[in-house]
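Peer 1: Right, I'll just put the structure down here and ask away after.
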Amino acid sequence: SKKFAVVYSDRACPAGEQLFETYGDNDNNIYLDYHGFIPTFNPYECYPVQRLPFDQISMSQSSNNKMAEERRNLLKKLNMNNPHPPQGVRAMMCLHEGELSAKLLVYFGVALMNTQAETDKCLLARSPQELISRCFDDKLKLRAYQDIEKWIESELARFSTTIKADESSLNALQDTPLPFNPPPLIKGRQRTAVMYRLTRKHILDSIRILAREEIKALQPDDGSSDKKKKQRKKRPKKRRPGDDEL
């Protein structure tokens, strides 16, 4: 007997129409490792966060630091208690382009808490969003967003190339002739490698832009606008003959 597989469509299709099968909601790692390509645009692509600069102390020291333990216990209640995963452990979170993750803000905000009173008032929070609304004032948010911006810049600095350099490389690897005329297969592999790393940089850069917007909105007014208003006071009108008689 012949062996065959039956695939059912999820909607009605005219006979003879070409059908397309989705690869699923995967990030570019799956496409590159198992299929040998990455999509030009992938809404499911993300930047995996393996490690964050949390507490700036080692796990062995954390037991001797009371506030570090309080911060970790707070994150543990939200299943976010792995700020320093060992090698080989799956990412603690995945960041998507154009999205400022609430989890990311929680990590950096909780790391700034210095008193037990700050952590105690957050213990009833049941989600990252609730913790932010319950415990984060504008001052804490501002400092957390500033630290997020610094962390993103440090992540981008880990790449051997810049966004601008990768974009220039992609333009050079288009169908226009290259000085050394590489074989098409090598050329395609180079393009895939550059695209893979560039999409991850774009994710970080988009989040950095959002963080900067939040910083700008939260920064206190230094009063410069009021000074300008005072400097723009109207000059007194010149007296004209007969004004006193009016």
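For the structure tokens, the naming scheme is as follows: chains receive sequential letters (A, B, ...) according to their order of presentation, residues are indexed from 1 within each chain, and ligands are indexed from 1 in presentation order.
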Where in region 2-208 of chain A does DSSP assign strand (DSSP E), given as number ranges by chain?
Peer 2: A: 47-49, 93-95
Peer 1: What does the file look like for those residues with all heavy atoms, as a PDB file, in the first residue's frame?
Peer 2:
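See part-v3.pdb below for the written result:
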```pdb
ATOM      1  N   TYR A  47      14.875  39.480  20.748  1.00  0.00           N
ATOM      2  CA  TYR A  47      16.243  39.511  21.274  1.00  0.00           C
ATOM      3  C   TYR A  47      16.241  38.799  22.616  1.00  0.00           C
ATOM      4  O   TYR A  47      15.647  39.283  23.586  1.00  0.00           O
ATOM      5  CB  TYR A  47      16.723  40.949  21.443  1.00  0.00           C
ATOM      6  CG  TYR A  47      18.164  41.056  21.883  1.00  0.00           C
ATOM      7  CD1 TYR A  47      19.197  41.024  20.953  1.00  0.00           C
ATOM      8  CD2 TYR A  47      18.495  41.175  23.234  1.00  0.00           C
ATOM      9  CE1 TYR A  47      20.526  41.102  21.342  1.00  0.00           C
ATOM     10  CE2 TYR A  47      19.817  41.254  23.629  1.00  0.00           C
ATOM     11  CZ  TYR A  47      20.825  41.224  22.684  1.00  0.00           C
ATOM     12  OH  TYR A  47      22.138  41.300  23.083  1.00  0.00           O
ATOM     13  N   PRO A  48      16.877  37.627  22.716  1.00  0.00           N
ATOM     14  CA  PRO A  48      16.852  36.877  23.976  1.00  0.00           C
ATOM     15  C   PRO A  48      17.759  37.503  25.027  1.00  0.00           C
ATOM     16  O   PRO A  48      18.921  37.797  24.755  1.00  0.00           O
ATOM     17  CB  PRO A  48      17.367  35.483  23.569  1.00  0.00           C
ATOM     18  CG  PRO A  48      18.236  35.745  22.376  1.00  0.00           C
ATOM     19  CD  PRO A  48      17.648  36.933  21.664  1.00  0.00           C
ATOM     20  N   VAL A  49      17.218  37.729  26.209  1.00  0.00           N
ATOM     21  CA  VAL A  49      17.992  38.302  27.308  1.00  0.00           C
ATOM     22  C   VAL A  49      18.448  37.161  28.205  1.00  0.00           C
ATOM     23  O   VAL A  49      17.632  36.497  28.853  1.00  0.00           O
ATOM     24  CB  VAL A  49      17.152  39.315  28.115  1.00  0.00           C
ATOM     25  CG1 VAL A  49      17.967  39.889  29.271  1.00  0.00           C
ATOM     26  CG2 VAL A  49      16.658  40.431  27.202  1.00  0.00           C
ATOM     27  N   MET A  93      13.819  36.406  29.244  1.00  0.00           N
ATOM     28  CA  MET A  93      12.755  37.103  28.527  1.00  0.00           C
ATOM     29  C   MET A  93      13.221  37.343  27.104  1.00  0.00           C
ATOM     30  O   MET A  93      14.407  37.249  26.800  1.00  0.00           O
ATOM     31  CB  MET A  93      12.409  38.437  29.199  1.00  0.00           C
ATOM     32  CG  MET A  93      13.492  39.488  29.107  1.00  0.00           C
ATOM     33  SD  MET A  93      13.026  41.052  29.890  1.00  0.00           S
ATOM     34  CE  MET A  93      13.352  40.643  31.601  1.00  0.00           C
ATOM     35  N   CYS A  94      12.275  37.613  26.218  1.00  0.00           N
ATOM     36  CA  CYS A  94      12.600  37.893  24.827  1.00  0.00           C
ATOM     37  C   CYS A  94      12.018  39.263  24.478  1.00  0.00           C
ATOM     38  O   CYS A  94      10.823  39.496  24.690  1.00  0.00           O
ATOM     39  CB  CYS A  94      12.010  36.813  23.916  1.00  0.00           C
ATOM     40  SG  CYS A  94      13.215  36.120  22.776  1.00  0.00           S
ATOM     41  N   LEU A  95      12.842  40.144  23.966  1.00  0.00           N
ATOM     42  CA  LEU A  95      12.429  41.505  23.661  1.00  0.00           C
ATOM     43  C   LEU A  95      12.062  41.621  22.194  1.00  0.00           C
ATOM     44  O   LEU A  95      12.777  41.133  21.323  1.00  0.00           O
ATOM     45  CB  LEU A  95      13.557  42.475  23.996  1.00  0.00           C
ATOM     46  CG  LEU A  95      14.110  42.404  25.427  1.00  0.00           C
ATOM     47  CD1 LEU A  95      15.238  43.399  25.600  1.00  0.00           C
ATOM     48  CD2 LEU A  95      13.002  42.646  26.450  1.00  0.00           C
TER      49      LEU A  95
END
```
Peer 1: I'd like the contact shell of region 126-140 of chain A - 12 Å cut-off, only C-alpha atoms, skipping same-chain residues fewer than 5 positions apart - returned as an NGL selection string.
Peer 2: :A and (74-80 or 100-114 or 117-121 or 145-147 or 214-220)
Peer 1: Just to be explicit: take each residue in the selection above, keep N, CA and C atoms, and write the result as a JSON list (two decimals), in the first residue's frame.
Peer 2:
```json
[["chain", "number", "residue", "atom", "x", "y", "z"],
["A", 74, "LEU", "N", 11.04, 39.47, 45.91],
["A", 74, "LEU", "CA", 9.97, 40.18, 45.20],
["A", 74, "LEU", "C", 9.85, 39.69, 43.77],
["A", 75, "LEU", "N", 10.98, 39.50, 43.10],
["A", 75, "LEU", "CA", 10.94, 38.99, 41.73],
["A", 75, "LEU", "C", 10.45, 37.54, 41.70],
["A", 76, "LYS", "N", 10.80, 36.78, 42.73],
["A", 76, "LYS", "CA", 10.39, 35.38, 42.79],
["A", 76, "LYS", "C", 8.87, 35.25, 42.81],
["A", 77, "LYS", "N", 8.18, 36.18, 43.47],
["A", 77, "LYS", "CA", 6.72, 36.13, 43.53],
["A", 77, "LYS", "C", 6.10, 36.28, 42.15],
["A", 78, "LEU", "N", 6.85, 36.91, 41.24],
["A", 78, "LEU", "CA", 6.35, 37.11, 39.88],
["A", 78, "LEU", "C", 7.00, 36.14, 38.89],
["A", 79, "ASN", "N", 7.61, 35.08, 39.43],
["A", 79, "ASN", "CA", 8.33, 34.10, 38.60],
["A", 79, "ASN", "C", 9.40, 34.77, 37.74],
["A", 80, "MET", "N", 10.09, 35.74, 38.33],
["A", 80, "MET", "CA", 11.14, 36.47, 37.62],
["A", 80, "MET", "C", 12.40, 36.47, 38.47],
["A", 100, "LEU", "N", 8.40, 48.12, 24.70],
["A", 100, "LEU", "CA", 9.17, 48.32, 25.92],
["A", 100, "LEU", "C", 8.58, 47.39, 26.98],
["A", 101, "SER", "N", 9.24, 46.27, 27.20],
["A", 101, "SER", "CA", 8.72, 45.20, 28.04],
["A", 101, "SER", "C", 8.52, 45.65, 29.48],
["A", 102, "ALA", "N", 7.36, 45.30, 30.06],
["A", 102, "ALA", "CA", 7.10, 45.59, 31.48],
["A", 102, "ALA", "C", 8.07, 44.81, 32.36],
["A", 103, "LYS", "N", 8.42, 43.60, 31.94],
["A", 103, "LYS", "CA", 9.36, 42.79, 32.72],
["A", 103, "LYS", "C", 10.73, 43.48, 32.79],
["A", 104, "LEU", "N", 11.15, 44.06, 31.67],
["A", 104, "LEU", "CA", 12.44, 44.74, 31.65],
["A", 104, "LEU", "C", 12.43, 45.92, 32.62],
["A", 105, "LEU", "N", 11.34, 46.68, 32.61],
["A", 105, "LEU", "CA", 11.23, 47.82, 33.53],
["A", 105, "LEU", "C", 11.21, 47.35, 34.98],
["A", 106, "VAL", "N", 10.52, 46.23, 35.24],
["A", 106, "VAL", "CA", 10.45, 45.71, 36.61],
["A", 106, "VAL", "C", 11.84, 45.30, 37.09],
["A", 107, "TYR", "N", 12.62, 44.59, 36.25],
["A", 107, "TYR", "CA", 13.95, 44.17, 36.66],
["A", 107, "TYR", "C", 14.81, 45.36, 37.06],
["A", 108, "PHE", "N", 14.84, 46.38, 36.22],
["A", 108, "PHE", "CA", 15.70, 47.52, 36.49],
["A", 108, "PHE", "C", 15.14, 48.39, 37.61],
["A", 109, "GLY", "N", 13.81, 48.45, 37.74],
["A", 109, "GLY", "CA", 13.22, 49.23, 38.82],
["A", 109, "GLY", "C", 13.42, 48.60, 40.18],
["A", 110, "VAL", "N", 13.20, 47.29, 40.27],
["A", 110, "VAL", "CA", 13.38, 46.58, 41.54],
["A", 110, "VAL", "C", 14.85, 46.63, 41.97],
["A", 111, "ALA", "N", 15.76, 46.57, 41.01],
["A", 111, "ALA", "CA", 17.19, 46.64, 41.34],
["A", 111, "ALA", "C", 17.57, 47.96, 42.00],
["A", 112, "LEU", "N", 16.73, 48.99, 41.83],
["A", 112, "LEU", "CA", 17.02, 50.30, 42.41],
["A", 112, "LEU", "C", 16.42, 50.49, 43.80],
["A", 113, "MET", "N", 15.61, 49.52, 44.26],
["A", 113, "MET", "CA", 14.99, 49.65, 45.57],
["A", 113, "MET", "C", 16.02, 49.42, 46.67],
["A", 114, "ASN", "N", 16.09, 50.35, 47.62],
["A", 114, "ASN", "CA", 17.14, 50.31, 48.64],
["A", 114, "ASN", "C", 16.62, 50.08, 50.06],
["A", 117, "ALA", "N", 10.92, 48.93, 53.06],
["A", 117, "ALA", "CA", 9.61, 49.57, 52.90],
["A", 117, "ALA", "C", 9.21, 49.62, 51.42],
["A", 118, "GLU", "N", 10.19, 49.85, 50.54],
["A", 118, "GLU", "CA", 9.91, 49.91, 49.11],
["A", 118, "GLU", "C", 9.47, 48.54, 48.58],
["A", 119, "THR", "N", 10.14, 47.48, 49.02],
["A", 119, "THR", "CA", 9.79, 46.15, 48.53],
["A", 119, "THR", "C", 8.51, 45.63, 49.18],
["A", 120, "ASP", "N", 8.29, 45.99, 50.46],
["A", 120, "ASP", "CA", 7.11, 45.48, 51.16],
["A", 120, "ASP", "C", 5.80, 45.94, 50.52],
["A", 121, "LYS", "N", 5.77, 47.18, 50.04],
["A", 121, "LYS", "CA", 4.52, 47.68, 49.47],
["A", 121, "LYS", "C", 4.21, 47.06, 48.10],
["A", 145, "TYR", "N", 14.54, 53.69, 33.47],
["A", 145, "TYR", "CA", 14.66, 53.87, 32.02],
["A", 145, "TYR", "C", 16.07, 54.31, 31.64],
["A", 146, "GLN", "N", 16.69, 55.13, 32.46],
["A", 146, "GLN", "CA", 18.07, 55.55, 32.20],
["A", 146, "GLN", "C", 19.01, 54.35, 32.25],
["A", 147, "ASP", "N", 18.78, 53.45, 33.21],
["A", 147, "ASP", "CA", 19.61, 52.24, 33.30],
["A", 147, "ASP", "C", 19.34, 51.30, 32.13],
["A", 214, "GLU", "N", 10.62, 57.94, 27.05],
["A", 214, "GLU", "CA", 10.12, 57.92, 28.42],
["A", 214, "GLU", "C", 10.97, 58.81, 29.33],
["A", 215, "ILE", "N", 12.27, 58.77, 29.13],
["A", 215, "ILE", "CA", 13.18, 59.61, 29.92],
["A", 215, "ILE", "C", 12.86, 61.08, 29.70],
["A", 216, "LYS", "N", 12.67, 61.44, 28.45],
["A", 216, "LYS", "CA", 12.37, 62.83, 28.12],
["A", 216, "LYS", "C", 11.06, 63.28, 28.75],
["A", 217, "ALA", "N", 10.07, 62.37, 28.76],
["A", 217, "ALA", "CA", 8.77, 62.72, 29.33],
["A", 217, "ALA", "C", 8.80, 62.81, 30.85],
["A", 218, "LEU", "N", 9.70, 62.05, 31.48],
["A", 218, "LEU", "CA", 9.75, 62.00, 32.95],
["A", 218, "LEU", "C", 10.74, 62.98, 33.57],
["A", 219, "GLN", "N", 11.64, 63.52, 32.75],
["A", 219, "GLN", "CA", 12.63, 64.43, 33.31],
["A", 219, "GLN", "C", 11.95, 65.70, 33.82],
["A", 220, "PRO", "N", 12.31, 66.14, 35.04],
["A", 220, "PRO", "CA", 11.67, 67.34, 35.60],
["A", 220, "PRO", "C", 12.03, 68.58, 34.82]]
```
Peer 1: If you run DSSP on this backbone, which residues of region 10-171 of chain A come out as alpha helix (DSSP H), and could you give them as a ChimeraX atom specification?
Peer 2: /A:28-30,59-62,66-77,102-110,116-120,128-135,138-157,163-171
Peer 1: When you look at Ile30 (chain A) with a cut-off of 12 Å (counting only C-alpha atoms), what residues show up, excluding the ones that are within fewer than 4 positions of it in the same chain? I need them as a short mmCIF file (atom, residue, chain, number, x, y, z; two decimals) with C-alpha atoms, in the first residue's frame.
Peer 2:
```cif
data_model
loop_
_atom_site.label_atom_id
_atom_site.label_comp_id
_atom_site.auth_asym_id
_atom_site.auth_seq_id
_atom_site.Cartn_x
_atom_site.Cartn_y
_atom_site.Cartn_z
CA TYR A 23 6.27 27.91 9.41
CA GLY A 24 4.68 29.02 12.69
CA ASP A 25 5.37 31.80 15.17
CA ASN A 26 9.10 31.21 15.44
CA TYR A 34 16.41 24.23 10.69
CA HIS A 35 15.54 25.85 7.35
CA GLY A 36 18.69 27.75 6.35
CA PHE A 37 17.07 31.13 5.81
CA ILE A 38 15.51 34.02 7.73
CA PRO A 39 12.44 36.03 6.64
CA ASN A 42 9.50 38.36 11.07
CA TYR A 44 8.03 36.92 16.03
CA GLU A 45 11.74 37.70 16.00
CA CYS A 46 13.05 38.67 19.43
CA TYR A 196 20.32 37.95 11.24
#
```
Peer 1: CA of Arg189 (chain A) and CA of Thr161 (chain A), how far apart in Å?
Peer 2: 17.2 Å
Peer 1: Show me, as a PDB file with N, CA and C atoms, in the first residue's frame, the residues that have an atom within 9 Å of Arg191 (chain A) when counting only C-alpha atoms, minus same-chain residues fewer than 3 positions from it.
Peer 2:
```pdb
ATOM      1  N   SER A 169      26.707  46.957   4.466  1.00  0.00           N
ATOM      2  CA  SER A 169      27.067  45.630   3.958  1.00  0.00           C
ATOM      3  C   SER A 169      25.922  45.019   3.170  1.00  0.00           C
ATOM      4  N   LEU A 170      24.699  45.175   3.663  1.00  0.00           N
ATOM      5  CA  LEU A 170      23.545  44.629   2.938  1.00  0.00           C
ATOM      6  C   LEU A 170      23.388  45.291   1.580  1.00  0.00           C
ATOM      7  N   LEU A 173      25.807  43.844  -0.727  1.00  0.00           N
ATOM      8  CA  LEU A 173      25.563  42.438  -1.061  1.00  0.00           C
ATOM      9  C   LEU A 173      24.306  42.240  -1.904  1.00  0.00           C
ATOM     10  N   GLN A 174      23.744  43.325  -2.406  1.00  0.00           N
ATOM     11  CA  GLN A 174      22.611  43.195  -3.316  1.00  0.00           C
ATOM     12  C   GLN A 174      23.121  42.691  -4.664  1.00  0.00           C
ATOM     13  N   ILE A 186      27.937  31.878  -1.563  1.00  0.00           N
ATOM     14  CA  ILE A 186      28.652  32.600  -0.509  1.00  0.00           C
ATOM     15  C   ILE A 186      27.992  33.948  -0.272  1.00  0.00           C
ATOM     16  N   LYS A 187      27.625  34.607  -1.354  1.00  0.00           N
ATOM     17  CA  LYS A 187      26.992  35.913  -1.263  1.00  0.00           C
ATOM     18  C   LYS A 187      25.687  35.816  -0.479  1.00  0.00           C
ATOM     19  N   GLY A 188      24.901  34.768  -0.745  1.00  0.00           N
ATOM     20  CA  GLY A 188      23.639  34.580  -0.046  1.00  0.00           C
ATOM     21  C   GLY A 188      23.836  34.296   1.427  1.00  0.00           C
ATOM     22  N   VAL A 194      24.343  38.768   7.877  1.00  0.00           N
ATOM     23  CA  VAL A 194      24.227  40.194   8.190  1.00  0.00           C
ATOM     24  C   VAL A 194      22.795  40.529   8.593  1.00  0.00           C
ATOM     25  N   MET A 195      21.821  39.974   7.862  1.00  0.00           N
ATOM     26  CA  MET A 195      20.410  40.232   8.200  1.00  0.00           C
ATOM     27  C   MET A 195      20.076  39.724   9.598  1.00  0.00           C
ATOM     28  N   TYR A 196      20.594  38.552   9.930  1.00  0.00           N
ATOM     29  CA  TYR A 196      20.317  37.952  11.237  1.00  0.00           C
ATOM     30  C   TYR A 196      20.786  38.862  12.365  1.00  0.00           C
TER      31      TYR A 196
END
```
Peer 1: Distance CA of Ile152 (chain A)-CA of Asp205 (chain A), one decimal place?
Peer 2: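 These two atoms are separated by 7.7 Å.
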Peer 1: Please report the interatomic distance between CA of Ile148 (chain A) and CA of Ala211 (chain A) in Å with one decimal.
Peer 2: 7.1 Å
Peer 1: So, with only C-alpha atoms as the atoms that count, which of A:Asp27, A:Gln190, A:Phe4, A:Glu97 lies closest to Ile209 (chain A)?
Peer 2: A:Glu97
Peer 1: Which residues are near region 156-159 of chain A? Cut-off 12 Å, only C-alpha atoms, ignore same chain within fewer than 2 positions. Put them as a list of chain:residue names.
Peer 2: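 The residues that qualify are A:Tyr47, A:Glu149, A:Lys150, A:Trp151, A:Ile152, A:Glu153, A:Ser154, A:Thr161, A:Thr162, A:Ile163, A:Ala165, A:Asp166, A:Val194, A:Arg197, A:Leu198, A:Thr199, A:Arg200, A:Lys201, A:His202, A:Ile203, A:Leu204, A:Asp205, A:Ser206, A:Ile207, A:Arg208.
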